[in-house]
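Here is the file protein39.cif (mmCIF, C-alpha atoms and all ligand atoms).
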data_query
loop_
_atom_site.group_PDB
_atom_site.id
_atom_site.type_symbol
_atom_site.label_atom_id
_atom_site.label_comp_id
_atom_site.auth_asym_id
_atom_site.auth_seq_id
_atom_site.Cartn_x
_atom_site.Cartn_y
_atom_site.Cartn_z
ATOM 1 C CA LYS A 50 -24.072 -27.986 -19.650
ATOM 2 C CA ILE A 51 -26.813 -26.671 -21.919
ATOM 3 C CA LEU A 52 -27.221 -23.232 -23.490
ATOM 4 C CA VAL A 53 -30.811 -22.197 -24.248
ATOM 5 C CA THR A 54 -31.513 -19.315 -26.643
ATOM 6 C CA GLY A 55 -34.935 -17.666 -26.536
ATOM 7 C CA ALA A 56 -35.150 -18.774 -22.882
ATOM 8 C CA LEU A 57 -37.825 -16.169 -22.073
ATOM 9 C CA GLY A 58 -40.147 -17.333 -24.856
ATOM 10 C CA GLN A 59 -43.148 -19.672 -24.768
ATOM 11 C CA ILE A 60 -41.072 -22.867 -25.094
ATOM 12 C CA GLY A 61 -37.773 -21.556 -23.718
ATOM 13 C CA SER A 62 -39.183 -20.422 -20.367
ATOM 14 C CA GLU A 63 -40.576 -23.886 -19.606
ATOM 15 C CA LEU A 64 -37.765 -25.885 -21.198
ATOM 16 C CA THR A 65 -35.205 -24.009 -19.072
ATOM 17 C CA GLY A 66 -37.122 -24.920 -15.915
ATOM 18 C CA MET A 67 -37.485 -28.569 -16.917
ATOM 19 C CA LEU A 68 -33.828 -28.989 -17.911
ATOM 20 C CA ARG A 69 -32.767 -27.439 -14.591
ATOM 21 C CA ARG A 70 -35.000 -29.846 -12.691
ATOM 22 C CA ILE A 71 -33.487 -32.795 -14.572
ATOM 23 C CA TYR A 72 -29.815 -31.818 -14.858
ATOM 24 C CA GLY A 73 -29.375 -29.170 -12.117
ATOM 25 C CA GLU A 74 -29.834 -25.388 -12.030
ATOM 26 C CA ASP A 75 -26.165 -24.623 -12.757
ATOM 27 C CA LYS A 76 -26.174 -26.945 -15.793
ATOM 28 C CA VAL A 77 -28.480 -24.690 -17.867
ATOM 29 C CA ILE A 78 -27.411 -21.258 -19.126
ATOM 30 C CA ALA A 79 -30.504 -19.316 -20.146
ATOM 31 C CA THR A 80 -30.070 -16.570 -22.734
ATOM 32 C CA ASP A 81 -32.400 -14.083 -24.379
ATOM 33 C CA LEU A 82 -32.457 -10.567 -25.801
ATOM 34 C CA ARG A 83 -33.476 -8.979 -22.517
ATOM 35 C CA GLU A 84 -32.795 -9.572 -18.807
ATOM 36 C CA PRO A 85 -35.471 -11.637 -17.010
ATOM 37 C CA GLU A 86 -37.496 -10.163 -14.144
ATOM 38 C CA GLY A 87 -36.712 -11.560 -10.724
ATOM 39 C CA ASP A 88 -34.506 -14.540 -9.950
ATOM 40 C CA PHE A 89 -34.066 -16.671 -13.063
ATOM 41 C CA GLY A 90 -30.876 -18.613 -12.388
ATOM 42 C CA PRO A 91 -27.753 -18.499 -14.602
ATOM 43 C CA PHE A 92 -28.562 -16.022 -17.406
ATOM 44 C CA GLU A 93 -26.726 -14.095 -20.175
ATOM 45 C CA VAL A 94 -28.082 -11.482 -22.583
ATOM 46 C CA VAL A 95 -27.496 -12.857 -26.093
ATOM 47 C CA ASP A 96 -28.688 -11.510 -29.441
ATOM 48 C CA VAL A 97 -28.544 -14.609 -31.673
ATOM 49 C CA THR A 98 -27.906 -12.401 -34.723
ATOM 50 C CA ASN A 99 -24.533 -11.598 -33.071
ATOM 51 C CA GLY A 100 -22.569 -14.776 -33.790
ATOM 52 C CA GLU A 101 -19.483 -13.719 -31.831
ATOM 53 C CA GLN A 102 -21.508 -12.965 -28.689
ATOM 54 C CA LEU A 103 -23.261 -16.343 -28.939
ATOM 55 C CA TYR A 104 -19.954 -18.175 -29.462
ATOM 56 C CA ASP A 105 -18.269 -16.332 -26.551
ATOM 57 C CA VAL A 106 -21.097 -17.167 -24.103
ATOM 58 C CA ALA A 107 -21.101 -20.847 -25.158
ATOM 59 C CA LYS A 108 -17.310 -21.023 -24.758
ATOM 60 C CA LYS A 109 -17.244 -19.108 -21.444
ATOM 61 C CA HIS A 110 -19.757 -21.511 -19.866
ATOM 62 C CA LYS A 111 -18.181 -24.617 -21.459
ATOM 63 C CA VAL A 112 -21.595 -25.902 -22.619
ATOM 64 C CA ASP A 113 -21.907 -29.187 -24.515
ATOM 65 C CA SER A 114 -25.410 -28.642 -25.981
ATOM 66 C CA VAL A 115 -27.429 -25.837 -27.534
ATOM 67 C CA MET A 116 -31.242 -25.652 -27.486
ATOM 68 C CA HIS A 117 -31.862 -22.943 -30.079
ATOM 69 C CA LEU A 118 -35.352 -21.521 -29.575
ATOM 70 C CA ALA A 119 -34.934 -17.826 -30.413
ATOM 71 C CA ALA A 120 -37.163 -17.046 -33.417
ATOM 72 C CA LEU A 121 -40.066 -15.011 -34.750
ATOM 73 C CA LEU A 122 -43.290 -17.009 -35.082
ATOM 74 C CA SER A 123 -45.524 -17.196 -38.163
ATOM 75 C CA ALA A 124 -47.809 -14.146 -37.915
ATOM 76 C CA LYS A 125 -44.995 -11.803 -36.862
ATOM 77 C CA ALA A 126 -42.747 -13.242 -39.601
ATOM 78 C CA GLU A 127 -45.481 -12.566 -42.175
ATOM 79 C CA ALA A 128 -45.702 -8.958 -40.981
ATOM 80 C CA PHE A 129 -41.899 -8.459 -40.995
ATOM 81 C CA PRO A 130 -40.532 -11.009 -43.506
ATOM 82 C CA LYS A 131 -37.031 -9.482 -43.925
ATOM 83 C CA MET A 132 -36.532 -9.243 -40.147
ATOM 84 C CA ALA A 133 -37.836 -12.813 -39.808
ATOM 85 C CA TRP A 134 -35.221 -14.055 -42.303
ATOM 86 C CA ASP A 135 -32.443 -12.193 -40.471
ATOM 87 C CA ILE A 136 -33.423 -13.536 -37.043
ATOM 88 C CA ASN A 137 -34.704 -17.012 -37.956
ATOM 89 C CA MET A 138 -31.967 -17.862 -40.484
ATOM 90 C CA GLY A 139 -29.144 -15.590 -39.299
ATOM 91 C CA GLY A 140 -29.658 -16.713 -35.713
ATOM 92 C CA LEU A 141 -29.817 -20.369 -36.710
ATOM 93 C CA LEU A 142 -26.646 -20.162 -38.790
ATOM 94 C CA ASN A 143 -24.806 -18.517 -35.884
ATOM 95 C CA ALA A 144 -26.016 -21.193 -33.484
ATOM 96 C CA LEU A 145 -24.986 -23.976 -35.885
ATOM 97 C CA GLU A 146 -21.547 -22.390 -36.408
ATOM 98 C CA THR A 147 -21.067 -22.264 -32.623
ATOM 99 C CA ALA A 148 -22.151 -25.924 -32.376
ATOM 100 C CA LYS A 149 -19.675 -26.862 -35.124
ATOM 101 C CA GLU A 150 -16.741 -24.913 -33.618
ATOM 102 C CA LEU A 151 -17.324 -26.184 -30.076
ATOM 103 C CA ASP A 152 -18.633 -29.666 -31.030
ATOM 104 C CA LEU A 153 -21.995 -29.160 -29.310
ATOM 105 C CA LYS A 154 -25.157 -31.283 -29.465
ATOM 106 C CA PHE A 155 -27.873 -29.217 -31.163
ATOM 107 C CA PHE A 156 -31.663 -28.907 -30.989
ATOM 108 C CA THR A 157 -33.897 -26.456 -32.784
ATOM 109 C CA PRO A 158 -37.627 -26.829 -33.505
ATOM 110 C CA SER A 159 -39.334 -26.888 -36.848
ATOM 111 C CA SER A 160 -43.113 -26.674 -37.128
ATOM 112 C CA ILE A 161 -46.219 -27.848 -38.940
ATOM 113 C CA GLY A 162 -45.603 -24.501 -40.620
ATOM 114 C CA ALA A 163 -42.883 -26.262 -42.654
ATOM 115 C CA PHE A 164 -45.676 -27.707 -44.813
ATOM 116 C CA GLY A 165 -47.723 -25.874 -47.447
ATOM 117 C CA PRO A 166 -51.013 -26.097 -49.381
ATOM 118 C CA SER A 167 -49.623 -28.756 -51.789
ATOM 119 C CA THR A 168 -48.662 -31.052 -48.896
ATOM 120 C CA PRO A 169 -51.091 -33.959 -48.104
ATOM 121 C CA ARG A 170 -53.416 -32.357 -45.513
ATOM 122 C CA ASP A 171 -54.451 -35.290 -43.332
ATOM 123 C CA GLN A 172 -51.963 -37.401 -41.358
ATOM 124 C CA THR A 173 -49.176 -35.582 -43.231
ATOM 125 C CA PRO A 174 -46.323 -38.120 -43.606
ATOM 126 C CA GLN A 175 -42.804 -37.625 -42.217
ATOM 127 C CA ASP A 176 -41.289 -37.453 -45.738
ATOM 128 C CA THR A 177 -43.426 -35.430 -48.146
ATOM 129 C CA LEU A 178 -43.646 -32.318 -50.299
ATOM 130 C CA GLN A 179 -42.750 -29.128 -48.397
ATOM 131 C CA ARG A 180 -43.633 -25.944 -50.347
ATOM 132 C CA PRO A 181 -44.758 -23.560 -47.562
ATOM 133 C CA THR A 182 -46.196 -20.210 -48.636
ATOM 134 C CA THR A 183 -45.199 -18.174 -45.568
ATOM 135 C CA MET A 184 -41.849 -16.628 -44.610
ATOM 136 C CA TYR A 185 -42.016 -18.634 -41.375
ATOM 137 C CA GLY A 186 -42.484 -21.837 -43.386
ATOM 138 C CA VAL A 187 -39.603 -20.923 -45.705
ATOM 139 C CA ASN A 188 -37.478 -20.366 -42.574
ATOM 140 C CA LYS A 189 -38.531 -23.723 -41.111
ATOM 141 C CA VAL A 190 -37.873 -25.781 -44.260
ATOM 142 C CA SER A 191 -34.557 -23.978 -44.805
ATOM 143 C CA GLY A 192 -33.720 -24.556 -41.145
ATOM 144 C CA GLU A 193 -34.431 -28.282 -41.427
ATOM 145 C CA LEU A 194 -32.166 -28.530 -44.487
ATOM 146 C CA LEU A 195 -29.441 -26.429 -42.836
ATOM 147 C CA CYS A 196 -29.454 -28.626 -39.704
ATOM 148 C CA ASP A 197 -29.279 -31.811 -41.810
ATOM 149 C CA TYR A 198 -26.413 -30.230 -43.767
ATOM 150 C CA TYR A 199 -24.439 -29.418 -40.595
ATOM 151 C CA HIS A 200 -24.915 -33.027 -39.549
ATOM 152 C CA SER A 201 -23.907 -34.645 -42.849
ATOM 153 C CA ARG A 202 -21.111 -32.195 -43.758
ATOM 154 C CA PHE A 203 -19.627 -31.332 -40.331
ATOM 155 C CA GLY A 204 -20.866 -34.174 -38.125
ATOM 156 C CA VAL A 205 -22.823 -31.874 -35.777
ATOM 157 C CA ASP A 206 -25.357 -33.918 -33.789
ATOM 158 C CA THR A 207 -28.403 -31.885 -34.865
ATOM 159 C CA ARG A 208 -31.926 -33.012 -33.948
ATOM 160 C CA GLY A 209 -35.358 -31.366 -34.216
ATOM 161 C CA VAL A 210 -39.106 -31.840 -34.108
ATOM 162 C CA ARG A 211 -41.901 -30.219 -36.124
ATOM 163 C CA PHE A 212 -44.051 -28.749 -33.345
ATOM 164 C CA PRO A 213 -47.814 -28.418 -33.607
ATOM 165 C CA GLY A 214 -49.380 -25.299 -32.134
ATOM 166 C CA LEU A 215 -48.274 -25.323 -28.489
ATOM 167 C CA ILE A 216 -50.622 -24.577 -25.625
ATOM 168 C CA SER A 217 -49.187 -23.469 -22.294
ATOM 169 C CA TYR A 218 -49.819 -21.157 -19.344
ATOM 170 C CA VAL A 219 -46.335 -20.090 -18.173
ATOM 171 C CA ALA A 220 -45.202 -17.643 -20.875
ATOM 172 C CA PRO A 221 -47.529 -16.506 -23.700
ATOM 173 C CA PRO A 222 -46.636 -17.290 -27.331
ATOM 174 C CA GLY A 223 -45.601 -14.210 -29.319
ATOM 175 C CA GLY A 224 -47.026 -13.599 -32.754
ATOM 176 C CA GLY A 225 -48.115 -17.097 -33.691
ATOM 177 C CA THR A 226 -51.123 -18.238 -35.724
ATOM 178 C CA THR A 227 -52.155 -20.877 -33.180
ATOM 179 C CA ASP A 228 -52.117 -18.407 -30.263
ATOM 180 C CA TYR A 229 -55.933 -18.454 -30.273
ATOM 181 C CA ALA A 230 -55.741 -21.861 -28.585
ATOM 182 C CA VAL A 231 -53.935 -20.241 -25.637
ATOM 183 C CA GLU A 232 -55.959 -16.998 -25.528
ATOM 184 C CA ILE A 233 -59.246 -18.909 -25.386
ATOM 185 C CA TYR A 234 -58.446 -20.313 -21.938
ATOM 186 C CA TYR A 235 -57.487 -16.905 -20.497
ATOM 187 C CA GLU A 236 -60.595 -15.264 -21.970
ATOM 188 C CA ALA A 237 -62.798 -18.106 -20.746
ATOM 189 C CA ILE A 238 -61.617 -17.471 -17.174
ATOM 190 C CA ARG A 239 -61.626 -13.655 -17.470
ATOM 191 C CA LYS A 240 -64.825 -13.114 -19.488
ATOM 192 C CA GLY A 241 -66.568 -16.455 -19.985
ATOM 193 C CA ALA A 242 -66.345 -15.761 -23.718
ATOM 194 C CA TYR A 243 -63.862 -15.725 -26.609
ATOM 195 C CA GLU A 244 -63.911 -14.224 -30.092
ATOM 196 C CA SER A 245 -61.765 -16.441 -32.314
ATOM 197 C CA TYR A 246 -59.695 -14.926 -35.160
ATOM 198 C CA ILE A 247 -59.503 -18.377 -36.775
ATOM 199 C CA SER A 248 -62.719 -19.635 -38.402
ATOM 200 C CA LYS A 249 -64.788 -22.676 -37.474
ATOM 201 C CA GLY A 250 -63.657 -25.871 -39.161
ATOM 202 C CA THR A 251 -59.982 -24.817 -39.371
ATOM 203 C CA TYR A 252 -58.132 -27.921 -38.183
ATOM 204 C CA MET A 253 -54.505 -27.733 -37.044
ATOM 205 C CA ASP A 254 -52.341 -30.017 -34.960
ATOM 206 C CA MET A 255 -52.026 -28.775 -31.384
ATOM 207 C CA MET A 256 -50.075 -30.042 -28.352
ATOM 208 C CA TYR A 257 -49.961 -29.328 -24.626
ATOM 209 C CA MET A 258 -46.574 -28.015 -23.474
ATOM 210 C CA PRO A 259 -45.775 -30.965 -21.137
ATOM 211 C CA ASP A 260 -45.915 -33.311 -24.168
ATOM 212 C CA ALA A 261 -43.712 -30.922 -26.155
ATOM 213 C CA LEU A 262 -41.070 -30.676 -23.424
ATOM 214 C CA ASN A 263 -41.005 -34.444 -22.898
ATOM 215 C CA ALA A 264 -40.534 -34.899 -26.651
ATOM 216 C CA ILE A 265 -37.473 -32.602 -26.669
ATOM 217 C CA VAL A 266 -35.787 -34.404 -23.771
ATOM 218 C CA LYS A 267 -36.645 -37.846 -25.151
ATOM 219 C CA LEU A 268 -35.281 -36.998 -28.615
ATOM 220 C CA MET A 269 -32.078 -35.487 -27.215
ATOM 221 C CA GLU A 270 -31.475 -38.567 -25.056
ATOM 222 C CA ALA A 271 -32.300 -41.018 -27.887
ATOM 223 C CA ASN A 272 -29.666 -43.401 -29.240
ATOM 224 C CA PRO A 273 -28.306 -41.599 -32.345
ATOM 225 C CA ASN A 274 -27.756 -44.925 -34.135
ATOM 226 C CA LYS A 275 -31.523 -45.464 -34.141
ATOM 227 C CA LEU A 276 -32.259 -42.129 -35.848
ATOM 228 C CA VAL A 277 -33.151 -42.470 -39.518
ATOM 229 C CA HIS A 278 -34.397 -38.888 -39.572
ATOM 230 C CA ARG A 279 -33.035 -35.873 -37.686
ATOM 231 C CA ASN A 280 -34.429 -32.550 -38.827
ATOM 232 C CA ALA A 281 -37.180 -32.652 -38.196
ATOM 233 C CA PHE A 282 -39.494 -35.257 -36.735
ATOM 234 C CA ASN A 283 -43.271 -34.836 -37.057
ATOM 235 C CA ILE A 284 -44.806 -35.003 -33.599
ATOM 236 C CA ALA A 285 -48.550 -34.743 -32.960
ATOM 237 C CA ALA A 286 -51.173 -34.914 -30.207
ATOM 238 C CA ILE A 287 -54.451 -33.084 -30.897
ATOM 239 C CA SER A 288 -55.959 -32.218 -34.289
ATOM 240 C CA ALA A 289 -58.547 -29.565 -33.424
ATOM 241 C CA ALA A 290 -60.546 -26.604 -34.725
ATOM 242 C CA PRO A 291 -61.698 -23.614 -32.616
ATOM 243 C CA GLU A 292 -65.117 -25.194 -31.962
ATOM 244 C CA ASP A 293 -63.423 -28.252 -30.425
ATOM 245 C CA PHE A 294 -61.790 -26.024 -27.787
ATOM 246 C CA ALA A 295 -65.147 -24.329 -27.105
ATOM 247 C CA LYS A 296 -66.790 -27.747 -26.671
ATOM 248 C CA ALA A 297 -64.078 -28.927 -24.256
ATOM 249 C CA ILE A 298 -64.327 -25.688 -22.225
ATOM 250 C CA LYS A 299 -68.143 -25.913 -22.093
ATOM 251 C CA LYS A 300 -67.823 -29.232 -20.252
ATOM 252 C CA HIS A 301 -66.393 -27.161 -17.367
ATOM 253 C CA MET A 302 -68.140 -23.814 -18.054
ATOM 254 C CA PRO A 303 -71.561 -24.499 -19.685
ATOM 255 C CA ASP A 304 -72.226 -20.770 -20.197
ATOM 256 C CA PHE A 305 -68.982 -20.168 -22.134
ATOM 257 C CA LYS A 306 -69.741 -18.132 -25.295
ATOM 258 C CA MET A 307 -67.699 -18.579 -28.490
ATOM 259 C CA SER A 308 -67.832 -16.077 -31.367
ATOM 260 C CA TYR A 309 -65.773 -15.536 -34.546
ATOM 261 C CA SER A 310 -64.118 -12.506 -36.114
ATOM 262 C CA VAL A 311 -61.678 -13.924 -38.652
ATOM 263 C CA ASP A 312 -58.262 -12.295 -39.172
ATOM 264 C CA PRO A 313 -57.576 -12.863 -42.902
ATOM 265 C CA ILE A 314 -53.778 -12.903 -42.491
ATOM 266 C CA ARG A 315 -53.645 -15.551 -39.775
ATOM 267 C CA GLN A 316 -56.536 -17.453 -41.391
ATOM 268 C CA SER A 317 -54.614 -17.698 -44.658
ATOM 269 C CA ILE A 318 -51.550 -18.969 -42.769
ATOM 270 C CA ALA A 319 -53.675 -21.571 -40.948
ATOM 271 C CA ASP A 320 -55.350 -22.628 -44.210
ATOM 272 C CA SER A 321 -51.930 -23.404 -45.728
ATOM 273 C CA TRP A 322 -51.027 -25.849 -42.927
ATOM 274 C CA PRO A 323 -52.041 -29.526 -42.513
ATOM 275 C CA ASN A 324 -55.147 -30.604 -40.598
ATOM 276 C CA SER A 325 -53.185 -33.355 -38.857
ATOM 277 C CA ILE A 326 -49.690 -34.860 -39.145
ATOM 278 C CA SER A 327 -48.413 -38.401 -38.614
ATOM 279 C CA ALA A 328 -45.906 -38.991 -35.785
ATOM 280 C CA ASP A 329 -45.107 -42.566 -36.943
ATOM 281 C CA ALA A 330 -41.383 -41.953 -37.515
ATOM 282 C CA ALA A 331 -40.891 -40.288 -34.097
ATOM 283 C CA ALA A 332 -42.734 -43.160 -32.400
ATOM 284 C CA ALA A 333 -40.679 -45.780 -34.260
ATOM 285 C CA GLU A 334 -37.243 -44.137 -33.957
ATOM 286 C CA TRP A 335 -37.274 -42.737 -30.394
ATOM 287 C CA GLY A 336 -40.554 -43.803 -28.751
ATOM 288 C CA PHE A 337 -42.448 -40.508 -28.978
ATOM 289 C CA GLU A 338 -45.910 -40.520 -27.415
ATOM 290 C CA ALA A 339 -48.301 -37.753 -26.392
ATOM 291 C CA LYS A 340 -50.204 -38.035 -23.109
ATOM 292 C CA TYR A 341 -52.647 -35.090 -23.320
ATOM 293 C CA ASP A 342 -55.829 -35.125 -25.370
ATOM 294 C CA ILE A 343 -58.007 -31.991 -25.616
ATOM 295 C CA ASP A 344 -60.101 -32.827 -22.543
ATOM 296 C CA ARG A 345 -57.146 -33.640 -20.263
ATOM 297 C CA MET A 346 -55.364 -30.479 -21.493
ATOM 298 C CA THR A 347 -58.463 -28.314 -20.980
ATOM 299 C CA THR A 348 -58.974 -29.548 -17.410
ATOM 300 C CA ASP A 349 -55.338 -28.714 -16.574
ATOM 301 C CA MET A 350 -55.223 -25.396 -18.472
ATOM 302 C CA LEU A 351 -58.392 -24.027 -16.861
ATOM 303 C CA SER A 352 -57.185 -24.842 -13.339
ATOM 304 C CA LYS A 353 -53.643 -23.512 -13.951
ATOM 305 C CA VAL A 354 -54.855 -20.294 -15.674
ATOM 306 C CA ARG A 355 -57.424 -19.727 -12.908
ATOM 307 C CA LYS A 356 -54.615 -19.979 -10.324
ATOM 308 C CA LYS A 357 -52.328 -17.766 -12.425
ATOM 309 C CA ILE A 358 -54.814 -14.907 -12.681
ATOM 310 C CA ASN A 359 -56.038 -15.888 -9.194
ATOM 311 C CA VAL A 360 -59.714 -15.706 -10.034
HETATM 312 C C1 LIG B 1 -47.107 -20.316 -34.749
HETATM 313 N N1 LIG B 1 -47.196 -21.433 -32.592
HETATM 314 O O1 LIG B 1 -48.301 -20.193 -34.664
HETATM 315 C C2 LIG B 1 -46.421 -21.278 -33.806
HETATM 316 C C3 LIG B 1 -46.268 -22.623 -34.454
HETATM 317 C C4 LIG B 1 -47.465 -24.474 -35.603
HETATM 318 C C5 LIG B 1 -47.576 -23.102 -35.080
HETATM 319 O O2 LIG B 1 -45.252 -22.644 -35.384
HETATM 320 O O3 LIG B 1 -46.456 -19.713 -35.568
#

Output the file's structure as C-alpha cells, nothing else.
Ligand code: VAH
Amino acid sequence: KILVTGALGQIGSELTGMLRRIYGEDKVIATDLREPEGDFGPFEVVDVTNGEQLYDVAKKHKVDSVMHLAALLSAKAEAFPKMAWDINMGGLLNALETAKELDLKFFTPSSIGAFGPSTPRDQTPQDTLQRPTTMYGVNKVSGELLCDYYHSRFGVDTRGVRFPGLISYVAPPGGGTTDYAVEIYYEAIRKGAYESYISKGTYMDMMYMPDALNAIVKLMEANPNKLVHRNAFNIAAISAAPEDFAKAIKKHMPDFKMSYSVDPIRQSIADSWPNSISADAAAAEWGFEAKYDIDRMTTDMLSKVRKKINV
C-alpha cells in the first residue's frame, strides 16, 4: 500500500490515478491539506508539517511506501522563504521519520532547481556542483542530502529524480517558474495568444507528465542493487525556450500570437537553472527514457486542453 502526500497537486493528482490503475484503488491512500471535491477514492487530510498525524495515517493504513510530493514550488518559495523551509524541509523530515519508523520505501522529487548559476549549464552532469541561489533550490539540495543520509544511516530505501519543468493538463502547477509552459496551452485555446513572463532564449529542461509518471514507477520498481545513485537522478526530455513552444503551437494554430512581459523574479530563478541536463545515469542504472518531444507533447496537450475547457 502506498501513501501519497500532496495528492491534489500537479504531480500528486496524476500519480495517485496512475498508481491506482497499476496496483488497485484501495492500495493508494491519497493525502493532502484539504478534502478533494467529488469522489477521489481513499483519502485522508494530512498536514505534512504535523509529523504525528502523518505517522498515524501511515500506520493506520499499514502502507509500505511513501510518495512524498507535498511542497511549495520555486516562485512561491521565493516569495515566502521561511514558510517554504518549514513545509519543504519540515514536511520532508517528518515523512522520512515515518519511513524510518515503519520501514517504508520512499520517493520524493528533486528538481533542476537543485542546480545554480555556477553549475555547468548544458547537459548538466549527474554529479556536479550544486550551489542554488533560491530557497527552493536550497530545499532541493538539502532534501537530496537528507534522503541519502536516511538511506546510508538508517537503511531507508529512499529514491528520487530531479524533475524538469512538468507540463500537464489535469491539475495546474502552483507557484512554479516553469508554469508558463502549461499556461501557454490554455491561453492558446482560450485566446489564441499568450504573454510569456519568461523571456525569449531562456532554455530550461521540460517534460510531459506521462514521461514523469513513468519515470517514478520505473525507478521505484528498479533493482536496488543496480542503483549507484539514489537522491536524485537527473531525468530529461525537452530543452526548450518560450519561442519553441510558440513554434510548436503555430504548427496547429498558425494565427497564434506570442508576446513577452518578463517577470523579473521568475526570470532570475530561470536564469539560475541549467539549459539542459544529462539523464545518462538514470538511463544506465534503471533504463529511464522519455517518449514525448515538444511536438508530440503539443499535439496531445492542445487536444486534451481543448476537451477540458470544451471549446
Ligand atoms: C517550478 N515546476 O517551477 C517547478 C519545478 C523545475 C521546475 O521545480 O518550481

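Look at region 265-276 of chain A: the protein and nucleic acid residues within 10 Å of it, using all atoms listed in the file and passing over chain neighbours fewer than 5 places away, are Leu64, Met67, Leu68, Ile71, Ser114, Met116, Lys154, Phe155, Phe156, Thr157, Pro158, Asp206, Thr207, Arg208, Gly209, Val210, Asp260, Phe282, Ala330, Ala331, Ala333, Glu334, Trp335, Gly336, Phe337 and Glu338 of chain A.
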
Limited to C-alpha atoms, could you put the picked residues into a file as a PDB file, in the frame of the given file?
ATOM      1  CA  LEU A  64     -37.765 -25.885 -21.198  1.00  0.00           C
ATOM      2  CA  MET A  67     -37.485 -28.569 -16.917  1.00  0.00           C
ATOM      3  CA  LEU A  68     -33.828 -28.989 -17.911  1.00  0.00           C
ATOM      4  CA  ILE A  71     -33.487 -32.795 -14.572  1.00  0.00           C
ATOM      5  CA  SER A 114     -25.410 -28.642 -25.981  1.00  0.00           C
ATOM      6  CA  MET A 116     -31.242 -25.652 -27.486  1.00  0.00           C
ATOM      7  CA  LYS A 154     -25.157 -31.283 -29.465  1.00  0.00           C
ATOM      8  CA  PHE A 155     -27.873 -29.217 -31.163  1.00  0.00           C
ATOM      9  CA  PHE A 156     -31.663 -28.907 -30.989  1.00  0.00           C
ATOM     10  CA  THR A 157     -33.897 -26.456 -32.784  1.00  0.00           C
ATOM     11  CA  PRO A 158     -37.627 -26.829 -33.505  1.00  0.00           C
ATOM     12  CA  ASP A 206     -25.357 -33.918 -33.789  1.00  0.00           C
ATOM     13  CA  THR A 207     -28.403 -31.885 -34.865  1.00  0.00           C
ATOM     14  CA  ARG A 208     -31.926 -33.012 -33.948  1.00  0.00           C
ATOM     15  CA  GLY A 209     -35.358 -31.366 -34.216  1.00  0.00           C
ATOM     16  CA  VAL A 210     -39.106 -31.840 -34.108  1.00  0.00           C
ATOM     17  CA  ASP A 260     -45.915 -33.311 -24.168  1.00  0.00           C
ATOM     18  CA  PHE A 282     -39.494 -35.257 -36.735  1.00  0.00           C
ATOM     19  CA  ALA A 330     -41.383 -41.953 -37.515  1.00  0.00           C
ATOM     20  CA  ALA A 331     -40.891 -40.288 -34.097  1.00  0.00           C
ATOM     21  CA  ALA A 333     -40.679 -45.780 -34.260  1.00  0.00           C
ATOM     22  CA  GLU A 334     -37.243 -44.137 -33.957  1.00  0.00           C
ATOM     23  CA  TRP A 335     -37.274 -42.737 -30.394  1.00  0.00           C
ATOM     24  CA  GLY A 336     -40.554 -43.803 -28.751  1.00  0.00           C
ATOM     25  CA  PHE A 337     -42.448 -40.508 -28.978  1.00  0.00           C
ATOM     26  CA  GLU A 338     -45.910 -40.520 -27.415  1.00  0.00           C
TER      27      GLU A 338
END

Reference answer for the PyMOL selection byres (((chain A and resi 178) around 12) and not hetatm), as a count of residues only = 18

Output as JSON lines one row per residue of chain A within 6 Å of ligand LIG 1 (chain B): the closest atom pair and its distance in Å to one decimal place, counting all atoms listed in the file, sorted by chain and residue number ascending.
{"residue": "A:Leu122", "atom": "CA", "partner": "B:LIG1", "partner_atom": "O3", "distance": 4.2}
{"residue": "A:Ser123", "atom": "CA", "partner": "B:LIG1", "partner_atom": "O3", "distance": 3.7}
{"residue": "A:Ser160", "atom": "CA", "partner": "B:LIG1", "partner_atom": "O2", "distance": 4.9}
{"residue": "A:Ile161", "atom": "CA", "partner": "B:LIG1", "partner_atom": "C4", "distance": 4.9}
{"residue": "A:Gly162", "atom": "CA", "partner": "B:LIG1", "partner_atom": "C4", "distance": 5.4}
{"residue": "A:Phe212", "atom": "CA", "partner": "B:LIG1", "partner_atom": "C4", "distance": 5.9}
{"residue": "A:Pro213", "atom": "CA", "partner": "B:LIG1", "partner_atom": "C4", "distance": 4.4}
{"residue": "A:Gly214", "atom": "CA", "partner": "B:LIG1", "partner_atom": "C4", "distance": 4.0}
{"residue": "A:Leu215", "atom": "CA", "partner": "B:LIG1", "partner_atom": "N1", "distance": 5.8}
{"residue": "A:Gly225", "atom": "CA", "partner": "B:LIG1", "partner_atom": "O1", "distance": 3.3}
{"residue": "A:Thr226", "atom": "CA", "partner": "B:LIG1", "partner_atom": "O1", "distance": 3.6}
{"residue": "A:Thr227", "atom": "CA", "partner": "B:LIG1", "partner_atom": "O1", "distance": 4.2}

Give me the residues near Trp134 (chain A) as a PDB file with C-alpha atoms, keeping the file's coordinate frame, where near means some atom within 9 Å (using all atoms listed in the file) and where sequence neighbours in that chain fewer than 5 positions away do not count.
ATOM      1  CA  ALA A 126     -42.747 -13.242 -39.601  1.00  0.00           C
ATOM      2  CA  PHE A 129     -41.899  -8.459 -40.995  1.00  0.00           C
ATOM      3  CA  GLY A 139     -29.144 -15.590 -39.299  1.00  0.00           C
ATOM      4  CA  MET A 184     -41.849 -16.628 -44.610  1.00  0.00           C
ATOM      5  CA  TYR A 185     -42.016 -18.634 -41.375  1.00  0.00           C
ATOM      6  CA  VAL A 187     -39.603 -20.923 -45.705  1.00  0.00           C
ATOM      7  CA  ASN A 188     -37.478 -20.366 -42.574  1.00  0.00           C
TER       8      ASN A 188
END

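Of the listed residues A:Leu145, A:Ala237, A:Ala264, A:Met258, the one whose atoms come nearest to Lys296 (chain A) is A:Ala237, with distances taken using all atoms listed in the file.
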